[in-house]
Each structure stands twice: as C-alpha cells, then as structure tokens.
>>> print(open('protein00.txt').read())   # compact mmCIF, C-alpha atoms
# COMPACT_ATOMS: atom_id res chain seq x y z
CA MET A 1 -1.84 28.62 -9.39
CA VAL A 2 -3.49 29.87 -12.61
CA ALA A 3 -6.82 30.25 -10.83
CA ARG A 4 -5.15 32.27 -8.08
CA GLY A 5 -3.58 34.56 -10.70
CA GLU A 6 -6.93 35.02 -12.46
CA ALA A 7 -8.64 35.86 -9.16
CA LYS A 8 -5.95 38.40 -8.37
CA GLY A 9 -6.38 39.94 -11.82
CA ARG A 10 -10.15 40.24 -11.32
CA ALA A 11 -9.61 41.86 -7.92
CA LEU A 12 -7.24 44.41 -9.44
CA ALA A 13 -9.74 45.08 -12.24
CA ARG A 14 -12.49 45.71 -9.69
CA GLY A 15 -10.22 47.92 -7.60
CA ALA A 16 -9.25 50.22 -10.49
CA PRO A 17 -12.68 51.97 -10.75
CA VAL A 18 -12.73 52.38 -6.98
CA ARG A 19 -9.32 54.06 -7.01
CA ARG A 20 -10.39 56.36 -9.85
CA LEU A 21 -13.59 57.24 -7.97
CA ARG A 22 -11.61 58.10 -4.84
CA THR A 23 -9.36 60.35 -6.91
CA LEU A 24 -12.14 62.15 -8.78
CA ALA A 25 -14.62 62.54 -5.91
CA PRO A 26 -12.77 65.35 -4.03
CA VAL A 27 -12.60 67.32 -7.30
CA ALA A 28 -16.06 66.65 -8.74
CA VAL A 29 -18.25 66.76 -5.62
CA PRO A 30 -17.56 70.46 -4.75
CA VAL A 31 -18.23 71.46 -8.37
CA LEU A 32 -21.53 69.56 -8.42
CA LEU A 33 -22.59 71.13 -5.12
CA ALA A 34 -21.80 74.60 -6.42
CA ILE A 35 -23.76 73.94 -9.65
CA ALA A 36 -26.75 72.65 -7.66
CA ASP A 37 -26.56 75.74 -5.44
CA ALA A 38 -26.53 78.04 -8.48
CA MET A 39 -29.54 76.29 -10.02
CA LEU A 40 -31.57 76.34 -6.81
CA VAL A 41 -30.90 80.05 -6.23
CA ASN A 42 -31.09 81.43 -9.79
CA GLY A 43 -33.08 78.86 -11.72
CA LEU A 44 -32.26 77.54 -15.19
CA GLU A 45 -32.67 80.69 -17.27
CA LEU A 46 -29.46 81.88 -18.88
CA ASP A 47 -28.85 85.35 -17.46
CA LEU A 48 -26.04 87.22 -15.74
CA GLU A 49 -26.67 85.63 -12.35
CA VAL A 50 -26.64 82.08 -13.73
CA GLY A 51 -23.55 82.81 -15.86
CA VAL A 52 -21.36 84.14 -13.04
CA SER A 53 -22.61 81.37 -10.75
CA MET A 54 -21.68 78.64 -13.23
CA LEU A 55 -18.26 80.19 -13.86
CA ALA A 56 -17.65 80.27 -10.12
CA ALA A 57 -18.61 76.60 -9.86
CA ALA A 58 -16.36 75.65 -12.78
CA ALA A 59 -13.44 77.53 -11.23
CA LEU A 60 -13.46 75.09 -8.34
CA LEU A 61 -11.79 72.52 -10.61
CA LEU A 62 -8.53 74.46 -10.13
CA ARG A 63 -8.95 75.25 -6.45
CA ARG A 64 -6.08 73.04 -5.29
CA ARG A 65 -3.55 74.49 -7.71
CA PHE A 66 -4.59 78.16 -7.50
CA PRO A 67 -6.58 78.52 -4.26
CA LEU A 68 -6.33 82.32 -3.98
CA LEU A 69 -7.24 83.05 -7.61
CA VAL A 70 -10.14 80.59 -7.52
CA PHE A 71 -11.54 82.20 -4.38
CA LEU A 72 -11.36 85.65 -5.92
CA PHE A 73 -13.03 84.28 -9.06
CA THR A 74 -15.98 82.98 -6.99
CA LEU A 75 -16.71 86.35 -5.34
CA PRO A 76 -18.69 87.71 -8.33
CA GLY A 77 -20.90 84.63 -8.10
CA LEU A 78 -21.60 85.45 -4.47
CA TYR A 79 -22.16 89.16 -5.11
CA ILE A 80 -24.22 88.85 -8.29
CA GLY A 81 -25.62 85.32 -8.21
CA TYR A 82 -26.15 85.01 -4.43
CA ILE A 83 -24.47 81.57 -4.26
CA TRP A 84 -22.74 80.38 -1.10
CA PHE A 85 -21.08 77.00 -1.73
CA ALA A 86 -18.49 78.09 -4.32
CA PRO A 87 -16.92 80.96 -2.30
CA MET A 88 -17.08 79.00 0.96
CA ILE A 89 -15.35 75.99 -0.63
CA GLY A 90 -12.77 78.31 -2.18
CA LEU A 91 -12.07 79.97 1.18
CA TYR A 92 -11.83 76.55 2.88
CA THR A 93 -9.26 75.39 0.31
CA LEU A 94 -7.29 78.61 0.81
CA ALA A 95 -7.23 78.03 4.58
CA VAL A 96 -5.95 74.48 4.10
CA ARG A 97 -3.25 75.26 1.54
CA ARG A 98 -2.27 78.94 2.13
CA PRO A 99 -2.97 79.61 5.80
CA GLY A 100 -1.42 83.06 6.09
CA ARG A 101 -3.16 85.24 8.67
CA ALA A 102 -3.10 88.45 6.63
CA ARG A 103 -4.23 86.62 3.51
CA LEU A 104 -7.08 84.85 5.25
CA GLY A 105 -8.16 88.03 7.02
CA LEU A 106 -8.29 90.00 3.77
CA CYS A 107 -10.20 87.21 1.99
CA ALA A 108 -12.67 87.02 4.90
CA VAL A 109 -13.30 90.76 4.61
CA LEU A 110 -13.84 90.40 0.85
CA LEU A 111 -16.34 87.57 1.36
CA ILE A 112 -18.19 89.55 4.04
CA THR A 113 -18.33 92.56 1.74
CA ALA A 114 -19.61 90.54 -1.22
CA HIS A 115 -22.19 88.90 1.01
CA PHE A 116 -23.30 92.04 2.84
CA PHE A 117 -23.84 94.48 -0.02
CA PRO A 118 -26.66 93.66 -2.44
CA TYR A 119 -26.53 93.65 -6.22
CA PRO A 120 -27.06 96.24 -7.55
CA ILE A 121 -25.55 98.46 -4.89
CA SER A 122 -28.39 100.95 -5.30
CA ASP A 123 -30.69 98.52 -3.45
CA PHE A 124 -28.66 98.97 -0.26
CA VAL A 125 -30.63 100.78 2.46
CA LEU A 126 -28.37 102.10 5.18
CA THR A 127 -31.18 102.89 7.64
CA ASP A 128 -32.50 99.32 7.71
CA TYR A 129 -30.43 98.52 10.80
CA ARG A 130 -32.16 95.29 11.81
CA GLU A 131 -31.85 93.61 8.43
CA ASN A 132 -28.31 94.90 7.89
CA THR A 133 -27.24 93.53 11.26
CA GLN A 134 -28.69 90.11 10.46
CA VAL A 135 -27.00 90.06 7.05
CA LEU A 136 -23.68 91.15 8.58
CA ILE A 137 -23.82 88.38 11.19
CA ASP A 138 -24.69 85.88 8.48
CA ALA A 139 -21.77 87.10 6.35
CA CYS A 140 -19.33 86.83 9.28
CA VAL A 141 -20.43 83.27 10.03
CA THR A 142 -20.24 82.40 6.32
CA SER A 143 -16.60 83.56 6.19
CA ALA A 144 -15.49 82.28 9.61
CA ALA A 145 -16.83 78.72 9.24
CA PRO A 146 -14.73 77.63 6.20
CA ILE A 147 -11.62 79.31 7.63
CA ALA A 148 -12.03 77.52 10.96
CA LEU A 149 -12.68 74.18 9.27
CA GLY A 150 -9.75 74.61 6.89
CA LEU A 151 -7.34 75.51 9.69
CA LEU A 152 -8.58 72.51 11.68
CA VAL A 153 -7.95 70.15 8.75
CA ARG A 154 -4.49 71.63 8.15
CA THR A 155 -3.60 71.32 11.83
CA ARG A 156 -4.71 67.71 11.81
CA GLN A 157 -2.57 67.01 8.73
CA GLU A 158 0.45 68.64 10.35
CA LEU A 159 -0.16 66.66 13.53
CA ALA A 160 -0.36 63.40 11.55
CA SER A 161 2.88 64.28 9.75
CA ARG A 162 4.62 65.01 13.04
CA VAL A 163 3.35 61.76 14.54
CA GLU A 164 4.72 59.91 11.52
CA ASP A 165 8.09 61.65 11.92
CA LEU A 166 8.10 60.80 15.61
CA THR A 167 7.31 57.16 14.79
CA ARG A 168 10.21 57.00 12.34
CA SER A 169 12.47 58.63 14.90
CA ARG A 170 11.45 56.08 17.53
CA ARG A 171 12.10 53.25 15.09
CA ARG A 172 15.58 54.62 14.35
CA GLU A 173 16.18 54.93 18.07
CA HIS A 174 15.14 51.33 18.61
CA ARG A 175 17.46 50.19 15.81
CA LEU A 176 20.34 52.14 17.32
CA LEU A 177 19.60 50.64 20.72
CA ALA A 178 19.50 47.16 19.21
CA ASP A 179 22.82 47.80 17.47
CA ARG A 180 24.29 48.99 20.76
CA VAL A 181 23.08 45.86 22.54
CA LYS A 182 24.47 43.74 19.71
CA THR A 183 27.84 45.46 19.95
CA THR A 184 27.94 44.92 23.70
CA GLU A 185 27.04 41.26 23.27
CA ARG A 186 29.73 40.83 20.61
CA ALA A 187 32.31 42.28 22.98
CA ARG A 188 31.17 39.92 25.72
CA LEU A 189 31.34 36.92 23.38
CA ALA A 190 34.78 38.02 22.27
CA ARG A 191 36.02 38.08 25.85
CA GLU A 192 34.48 34.68 26.55
CA MET A 193 36.03 33.18 23.41
CA HIS A 194 39.41 34.63 24.23
CA ASP A 195 39.32 33.41 27.84
CA VAL A 196 38.20 29.87 26.99
CA VAL A 197 39.84 29.08 23.64
CA ALA A 198 43.08 30.97 24.16
CA HIS A 199 43.72 29.19 27.46
CA GLN A 200 43.22 25.73 25.96
CA VAL A 201 45.30 26.46 22.85
CA SER A 202 48.08 27.90 25.01
CA LEU A 203 48.19 24.68 26.99
CA ILE A 204 48.42 22.69 23.75
CA SER A 205 51.29 24.88 22.59
CA LEU A 206 53.14 24.47 25.89
CA GLN A 207 52.69 20.70 25.88
CA ALA A 208 53.89 20.49 22.27
CA GLY A 209 56.92 22.61 23.18
CA ALA A 210 57.72 20.30 26.07
CA VAL A 211 57.51 17.25 23.81
CA GLN A 212 59.66 19.00 21.22
CA VAL A 213 62.41 19.63 23.76
CA SER A 214 62.28 16.34 25.67
CA THR A 215 61.81 13.72 22.94
CA GLU A 216 64.63 12.18 20.95
CA ASP A 217 62.40 10.74 18.23
CA ALA A 218 62.73 12.83 15.08
CA ALA A 219 59.19 12.04 13.91
CA ALA A 220 57.71 12.95 17.27
CA ARG A 221 59.77 16.16 17.35
CA ALA A 222 58.52 17.09 13.88
CA GLY A 223 54.92 16.42 14.93
CA ALA A 224 55.36 18.49 18.07
CA THR A 225 56.84 21.31 16.00
CA SER A 226 53.83 21.25 13.69
CA ILE A 227 51.44 21.24 16.64
CA ARG A 228 53.26 24.19 18.18
CA GLU A 229 53.21 26.15 14.93
CA LEU A 230 49.50 25.46 14.46
CA SER A 231 48.80 26.53 18.03
CA VAL A 232 50.69 29.78 17.62
CA ARG A 233 48.94 30.49 14.33
CA THR A 234 45.57 29.70 15.88
CA LEU A 235 46.24 32.08 18.76
CA GLU A 236 47.25 34.80 16.30
CA GLU A 237 44.08 34.40 14.24
CA LEU A 238 42.03 34.24 17.42
CA ARG A 239 43.52 37.50 18.64
CA HIS A 240 42.63 39.30 15.43
CA MET A 241 39.17 37.75 15.28
CA VAL A 242 38.51 38.99 18.80
CA GLY A 243 39.57 42.42 17.63
CA VAL A 244 37.03 42.26 14.81
CA LEU A 245 34.25 41.20 17.17
CA ARG A 246 35.07 43.97 19.63
CA ALA A 247 35.36 46.65 16.95
CA ASP A 248 32.44 49.05 16.55
CA GLY A 249 32.82 49.40 12.79
CA GLY A 250 35.10 49.20 9.80
CA GLU A 251 37.30 52.13 10.89
CA ALA A 252 37.75 50.65 14.32
CA ALA A 253 38.64 47.31 12.78
CA GLU A 254 41.29 48.97 10.64
CA ALA A 255 42.62 50.76 13.68
CA HIS A 256 43.30 47.40 15.33
CA GLY A 257 45.86 46.64 12.62
CA LEU A 258 44.49 43.27 11.59
CA ALA A 259 47.01 40.90 10.12
CA PRO A 260 46.80 39.89 6.43
CA GLN A 261 44.31 37.09 5.87
CA PRO A 262 45.35 33.83 4.13
CA ASP A 263 45.11 33.53 0.35
CA LEU A 264 46.16 31.05 -2.35
CA GLU A 265 49.84 31.40 -1.43
CA GLU A 266 49.04 29.71 1.89
CA LEU A 267 47.34 26.67 0.31
CA PRO A 268 50.49 24.52 -0.06
CA ARG A 269 51.36 25.14 3.57
CA LEU A 270 47.80 24.31 4.65
CA ILE A 271 47.84 21.06 2.67
CA GLU A 272 51.27 20.14 4.03
CA MET A 273 50.11 20.56 7.61
CA SER A 274 46.78 18.76 7.09
CA ALA A 275 48.32 15.29 7.63
CA LEU A 276 46.22 13.95 4.74
CA ASP A 277 47.04 12.24 1.45
CA VAL A 278 46.37 15.28 -0.72
CA THR A 279 47.16 15.90 -4.38
CA TYR A 280 47.21 19.62 -5.13
CA GLU A 281 46.55 20.84 -8.67
CA GLY A 282 46.92 24.60 -8.76
CA GLY A 283 46.06 26.18 -12.08
CA VAL A 284 45.99 29.77 -10.82
CA VAL A 285 48.95 31.84 -9.72
CA ALA A 286 48.18 33.44 -6.38
CA GLY A 287 47.41 37.13 -6.72
CA ALA A 288 47.98 37.12 -10.49
CA SER A 289 44.48 37.93 -11.69
CA GLY A 290 42.08 37.54 -8.78
CA THR A 291 41.24 39.56 -5.71
CA LYS A 292 42.25 38.96 -2.11
CA THR A 293 38.64 38.49 -1.03
CA VAL A 294 38.08 35.69 -3.55
CA GLU A 295 41.42 34.03 -2.75
CA ARG A 296 40.62 34.17 0.95
CA ALA A 297 37.24 32.55 0.30
CA ALA A 298 38.94 29.83 -1.74
CA PHE A 299 41.42 29.20 1.08
CA ARG A 300 38.63 28.90 3.66
CA THR A 301 36.73 26.52 1.40
CA VAL A 302 39.73 24.19 1.12
CA GLN A 303 40.37 24.49 4.85
CA GLU A 304 36.82 23.51 5.80
CA ALA A 305 36.71 20.67 3.25
CA LEU A 306 39.96 19.16 4.57
CA THR A 307 38.59 19.41 8.11
CA ASN A 308 35.49 17.50 7.02
CA VAL A 309 37.68 14.82 5.40
CA ARG A 310 39.52 14.33 8.69
CA LYS A 311 36.20 14.06 10.53
CA HIS A 312 34.17 11.89 8.15
CA ALA A 313 36.58 10.14 5.78
CA PRO A 314 39.83 9.28 7.62
CA GLY A 315 42.44 7.70 5.41
CA ALA A 316 40.77 8.88 2.18
CA ARG A 317 42.78 10.26 -0.71
CA VAL A 318 42.04 13.88 -1.51
CA ARG A 319 42.47 15.93 -4.66
CA VAL A 320 42.43 19.74 -4.49
CA ARG A 321 42.01 21.69 -7.72
CA VAL A 322 42.13 25.46 -8.13
CA ASP A 323 41.40 26.56 -11.70
CA PRO A 324 40.24 29.69 -13.49
CA VAL A 325 36.65 29.78 -14.70
CA ASP A 326 35.73 31.01 -18.17
CA PRO A 327 32.21 31.61 -19.52
CA GLY A 328 32.49 28.70 -21.96
CA ASP A 329 33.59 26.06 -19.44
CA ALA A 330 31.60 22.83 -19.68
CA VAL A 331 30.88 20.21 -17.04
CA ASP A 332 33.31 17.31 -17.34
CA ALA A 333 32.36 13.66 -17.49
CA VAL A 334 33.04 13.03 -13.81
CA ASP A 335 30.75 15.89 -12.86
CA ALA A 336 28.03 14.38 -15.05
CA VAL A 337 28.33 11.06 -13.23
CA ASP A 338 28.18 12.88 -9.90
CA ALA A 339 25.04 14.69 -11.01
CA VAL A 340 23.38 11.39 -11.89
CA ASP A 341 24.33 9.99 -8.49
CA ALA A 342 22.91 13.06 -6.82
CA VAL A 343 19.61 12.66 -8.65
CA ARG A 344 19.44 9.02 -7.55
CA GLY A 345 19.64 10.19 -3.95
CA LYS A 346 23.12 8.93 -3.04
CA ARG A 347 23.97 11.58 -0.49
CA SER A 348 24.73 11.68 3.21
CA GLY A 349 24.01 13.99 6.13
CA ARG A 350 27.22 15.92 5.48
CA GLY A 351 26.06 16.87 2.02
CA GLU A 352 22.64 17.90 3.30
CA GLY A 353 24.35 20.15 5.81
CA ALA A 354 25.41 22.39 2.95
CA GLY A 355 21.84 23.55 2.63
CA GLY A 356 21.60 22.19 -0.91
CA ALA A 357 23.52 18.93 -1.24
CA GLY A 358 22.63 16.90 -4.29
CA ARG A 359 21.51 20.02 -6.18
CA ALA A 360 24.22 21.19 -8.55
CA GLU A 361 24.34 24.89 -9.23
CA GLU A 362 23.98 25.34 -13.00
CA SER A 363 25.16 28.93 -13.25
CA ARG A 364 28.83 29.55 -13.98
CA ALA A 365 30.73 32.60 -12.84
CA ALA A 366 32.41 34.44 -15.67
CA HIS A 367 36.17 34.99 -15.35
CA GLY A 368 36.34 33.70 -11.82
CA LEU A 369 37.93 31.02 -9.70
CA ARG A 370 36.85 27.40 -9.27
CA VAL A 371 37.87 25.43 -6.20
CA GLU A 372 37.20 21.70 -6.06
CA ILE A 373 38.01 19.34 -3.19
CA ARG A 374 37.29 15.70 -4.01
CA ASN A 375 37.97 12.82 -1.66
CA GLY A 376 37.58 9.08 -2.14
CA PRO A 377 35.92 6.62 0.22
CA PRO A 378 37.27 6.43 3.77
CA ASP A 379 39.73 3.75 4.80
CA ALA A 380 37.84 1.02 6.62
CA THR A 381 40.84 0.31 8.88
CA ALA A 382 41.29 3.95 9.92
CA THR A 383 39.97 5.15 13.25
CA VAL A 384 37.31 7.83 13.05
CA PRO A 385 38.39 10.69 15.32
CA ALA A 386 35.85 11.86 17.88
CA LEU A 387 35.93 15.47 16.72
CA PRO A 388 33.03 17.78 17.59
CA GLY A 389 31.00 19.27 14.78
CA GLY A 390 28.04 21.59 14.64
CA GLY A 391 27.07 20.94 11.04
CA HIS A 392 27.48 24.60 10.10
CA GLY A 393 30.74 24.45 8.12
CA LEU A 394 29.31 23.84 4.66
CA VAL A 395 26.40 26.16 5.37
CA GLY A 396 28.86 28.93 6.13
CA LEU A 397 30.83 28.18 2.96
CA ARG A 398 27.69 28.40 0.85
CA GLU A 399 26.71 31.72 2.46
CA ARG A 400 30.21 33.07 1.87
CA ALA A 401 30.10 32.04 -1.79
CA GLN A 402 26.67 33.56 -2.32
CA SER A 403 27.71 36.82 -0.64
CA LEU A 404 30.52 37.09 -3.21
CA GLY A 405 28.16 36.35 -6.10
CA GLY A 406 29.41 32.78 -6.52
CA THR A 407 28.04 29.28 -6.05
CA LEU A 408 28.88 26.21 -3.99
CA GLU A 409 27.76 22.60 -4.22
CA ALA A 410 28.57 19.64 -1.99
CA ARG A 411 27.50 16.04 -2.64
CA HIS A 412 28.54 12.40 -2.64
CA THR A 413 30.27 10.88 -5.65
CA SER A 414 29.67 7.55 -7.34
CA ASP A 415 32.72 5.91 -5.72
CA GLY A 416 31.53 6.63 -2.16
CA GLY A 417 33.55 9.80 -1.76
CA PHE A 418 32.57 13.41 -1.48
CA VAL A 419 33.09 16.54 -3.57
CA VAL A 420 32.92 20.21 -2.66
CA ARG A 421 33.02 22.65 -5.56
CA ALA A 422 32.86 26.44 -5.30
CA GLU A 423 33.03 29.15 -7.93
CA PHE A 424 33.74 32.83 -7.25
CA PRO A 425 33.65 35.70 -9.76
CA TYR A 426 36.71 37.92 -9.55
CA GLY A 427 34.52 41.02 -9.67
CA ALA A 428 33.08 40.15 -6.27
CA GLY A 429 36.26 41.04 -4.42
>>> encode(input="protein00.txt", output="structure tokens")
Amino acid sequence: MVARGEAKGRALARGAPVRRLRTLAPVAVPVLLAIADAMLVNGLELDLEVGVSMLAAAALLLRRRFPLLVFLFTLPGLYIGYIWFAPMIGLYTLAVRRPGRARLGLCAVLLITAHFFPYPISDFVLTDYRENTQVLIDACVTSAAPIALGLLVRTRQELASRVEDLTRSRRREHRLLADRVKTTERARLAREMHDVVAHQVSLISLQAGAVQVSTEDAAARAGATSIRELSVRTLEELRHMVGVLRADGGEAAEAHGLAPQPDLEELPRLIEMSALDVTYEGGVVAGASGTKTVERAAFRTVQEALTNVRKHAPGARVRVRVDPVDPGDAVDAVDAVDAVDAVRGKRSGRGEGAGGAGRAEESRAAHGLRVEIRNGPPDATATVPALPGGGHGLVGLRERAQSLGGTLEARHTSDGGFVVRAEFPYGAG
C-alpha cells in the first residue's frame, strides 16, 4: 500500500512539469518564433528595425487578453522591421477570439497596407507595376491566411461545444426515458400487487368474519376478530402503498391523500397483536421530542424484528426497549458480552442477512432514539411456522437507518437469542 502511494506520488511529480510545459508552450512558442523572425530579417544590431521587431514579438505575450491591441502593436514591426510572424499571429488570434467581420476586414486592410508600402514611404515607386502587383498579392495572402485559419479553429471549437451540448442533451433524454420506463413499471407492479395480495387478504378477512359470526368459543372469536382487524389494516396500508408506487412524484403522492403512517403510539397495539410474550419498556413519549420520520422508522424496526422472532424463534421471550439517546451514553454490560460473542463468531444466517451482523456500530447518534428488540432462545417444543422469507428484512432496516443518519446492528447473544438495536438522530426527520 505504501509502495503504491509512493509510485503515485512519483507519477504526479513527473506529470507536473508536463502540465506546466503544456500551459506555457502556446504562449512562449509564438514569441520565440517572432524573435527568430526579427533576428533573421534584421540581424543582431540594435537599431530601429530590431527595436520595433522585438517589441512586436514581446507584445504577443498579451495576445489572448488584448488581441486587437496586440495586433495593432505589431504593425510597426511589419512596416519598419519587415517581420511577418508577429502580425500574422496577432491577426490569427484576433480571428479566433474576436471574429467580427468589420473588425477583421479593417485589420486585414491595415496589414495589407503595412506590408505593401515600404519604409520609408519615399522608396515607393508607383510606376513599378509588376513588383507592386507581386507585393500586393503577397500582402493579401499574408492577411487572408491567418484570418482563414483563425475562423476555421473558432468554428471547430464552436462545433465541439455544440456536440458536447448535444451529448449532454441526449444523456438527459435517456435519463428521462429511463425514468418514464421506471414509472410505467412501478405502475404495473402496483397493479399486480394489488390484484394478487388484495384478493388473498380479502379472502382471509372474509373467512375470519365467518368464524367470528359462527363460532361460540370466546377465544376463537377473539382470534378471528384480531385476524379480521389485521386483514383490514393490511388492505388499507396496501391501498396507500399502491398509491405511492403509482404516483409520479411527491406532489402526486400528496394528492392521493395518504393516510398517516404508524409511529410510537402504535407500538403497544402492535405488540398486543403480535401473539408473542413481549415485555415493552418505553422510555420515550410518542411525539414528545422526536420526529414522525424517526418514530415511523422505529415502529418498522420493531415490526420486522417481531416478525423474525415468529419465524426463527417461536416461543421465545421478547423485550422491546425504546429509549432516548444522549451523546454520553455508554454501552451496558450486556452489550459488552454480546460484542464478545460476536467477535467469537457466534452468529447465524439471520444476523448475516443484516449486511453486517456481528459488527457493532460504534458511533452513537446525539439526541436521538434507540430501539432495541432482544429475544431469548426459542422454545424447543414450539412448532416452527413455515413462513416464507426473502432475507431482505434486516437489510432494509439497515438501509432505512443509514438513510436517516442512524445505525443498526443485529447479532446473536450469549444465551442463544438475538438482538436488533437501531439508533436514529432526531435531526434526520
């Protein structure tokens, strides 16, 4: 790992000079070419021609910031010092950065004029038609070439920018199309879930109602009443969940008038209807200091944990604790024993399904809510119900806790039981 870091550092060190060279080359190379041109044309003697030529070459350092002024500053070098590179580079830069037709036309005329008339002007011979024509053609080509090249480079840059914009637009279009397909698929899944699950739950509710009416056994009637109430509640939650799946967004979901979601006030009722030996220790008053999102997450955590007890530990005694979390809370002795057991590897497939069983989360949420569901070993004489399970319950609980900024751990205890502990910060809701 250290060697890899050192190699990466050496690569970055080697790449720094290359990046500096790539940055300085477009600025320094034109200046060096203009200086070489001035020396080849005028020699090394310090006179007026060499002076104006060197000033024109030095002006190219500012050609990107002030292209028009730099071009005008190079014209004396062309007129007096007979240099070509500096004014041509200046005109090229002007064509790339300030491609106005009137501006470029006027600058082309100025370059042709500076190139056509000799210095001093008294050396100009109007009757020398052949030589004047050749010089005029040369001056026109000298001015037209950098303009054409500059406009070509600018057009290519604009084309690349438009292609990039088109690519981003196509990507956005593909994302919108994928979202549309996802929405359509969600609506289809919602219909399928409603058609399949609602039909079966309705039959359960009808059968429970029939038992409730026909039986004379008080215990059986009470059980049938509970089954009917659970069926009705399940259908109600299913209806609203289907509405969420079929909604296009948050506003549409609100328009469906979703019913209030369960919170800590519903925990006693949930525990009462769980048909388990549960001891509830509630240290938080529902809605007193928390948020509805956190309370709903706590409710779902208890609900999933009790479901897992029914599946994997029938007949076990369960203790449910809901307490506030403060920054200075310490891990109790039982938790320490559980941590030791987790390190020793005493965990089952149900704990591993949480995506992190046996690994206690060390961070504590400040001013939040702690939910702990602890069950003992299963009763050996109890019949294990053949309930289906996909192994995603604890994974979903962990993802819910993390999305709220909290933590969740699930592992076996030293007495053969299981513990699920979640912590949620109140600020997450």
>>> closest_residue(input="protein00.txt", among="A:Arg239, A:His412, A:Arg63, A:Arg154", to="A:Pro30", atoms="all atoms listed in the file")
A:Arg63
>>> atom_distance(input="protein00.txt", atom1="atom CA of A:Met88", atom2="atom CA of A:Tyr129")
25.6 Å
>>> closest_residue(input="protein00.txt", among="A:Gln402, A:Ser226, A:Asn42, A:Thr413", to="A:Gly376", atoms="all atoms listed in the file")
A:Thr413
>>> closest_residue(input="protein00.txt", among="A:Leu189, A:Val371, A:Ala297, A:Val309", to="A:Glu399", atoms="all atoms listed in the file")
A:Ala297
>>> atom_distance(input="protein00.txt", atom1="atom CA of A:Ala401", atom2="atom CA of A:Val302")
12.8 Å
>>> atom_distance(input="protein00.txt", atom1="atom CA of A:Thr93", atom2="atom CA of A:Phe66")
9.5 Å
>>> closest_residue(input="protein00.txt", among="A:Ala208, A:Leu369, A:Ala139, A:Ile89", to="A:Val109", atoms="all atoms listed in the file")
A:Ala139
>>> closest_residue(input="protein00.txt", among="A:Gln212, A:Thr74, A:Ser143, A:Ser205", to="A:Leu106", atoms="all atoms listed in the file")
A:Ser143
>>> closest_residue(input="protein00.txt", among="A:Glu266, A:Glu131, A:Asp37, A:Asp165", to="A:Ser53", atoms="all atoms listed in the file")
A:Asp37
>>> residues_near_point(input="protein00.txt", point="(42.1, 5.2, 2.1)", cutoff="8 Å", atoms="only C-alpha atoms", output="JSON list (two decimals) with C-alpha atoms, in the coordinates of the input")
[["chain", "number", "residue", "atom", "x", "y", "z"],
["A", 314, "PRO", "CA", 39.83, 9.28, 7.62],
["A", 315, "GLY", "CA", 42.44, 7.70, 5.41],
["A", 316, "ALA", "CA", 40.77, 8.88, 2.18],
["A", 317, "ARG", "CA", 42.78, 10.26, -0.71],
["A", 376, "GLY", "CA", 37.58, 9.08, -2.14],
["A", 377, "PRO", "CA", 35.92, 6.62, 0.22],
["A", 378, "PRO", "CA", 37.27, 6.43, 3.77],
["A", 379, "ASP", "CA", 39.73, 3.75, 4.80],
["A", 380, "ALA", "CA", 37.84, 1.02, 6.62],
["A", 382, "ALA", "CA", 41.29, 3.95, 9.92]]
>>> residues_around(input="protein00.txt", residues="A:Leu61", least_positions_apart="2", cutoff="12 Å", atoms="only C-alpha atoms", output="PyMOL selection string")
chain A and resi 24-32+34+54-59+63-67+69-71+73-74+86+89-90+93
>>> residues_near_point(input="protein00.txt", point="(48.5, 15.6, 6.3)", cutoff="12 Å", atoms="only C-alpha atoms", output="list in words")
Gly223, Ser226, Pro268, Arg269, Leu270, Ile271, Glu272, Met273, Ser274, Ala275, Leu276, Asp277, Val278, Thr279, Leu306, Thr307, Val309, Arg310, Pro314, Gly315, Ala316, Arg317 and Val318 of chain A
>>> axis_aligned_box(input="protein00.txt", around="stretch 137-154 of chain A", padding_each_side="8 Å", output="JSON")
{"center_x": -14.6, "center_y": 79.3, "center_z": 8.9, "size_x": 36.2, "size_y": 34.2, "size_z": 21.5}
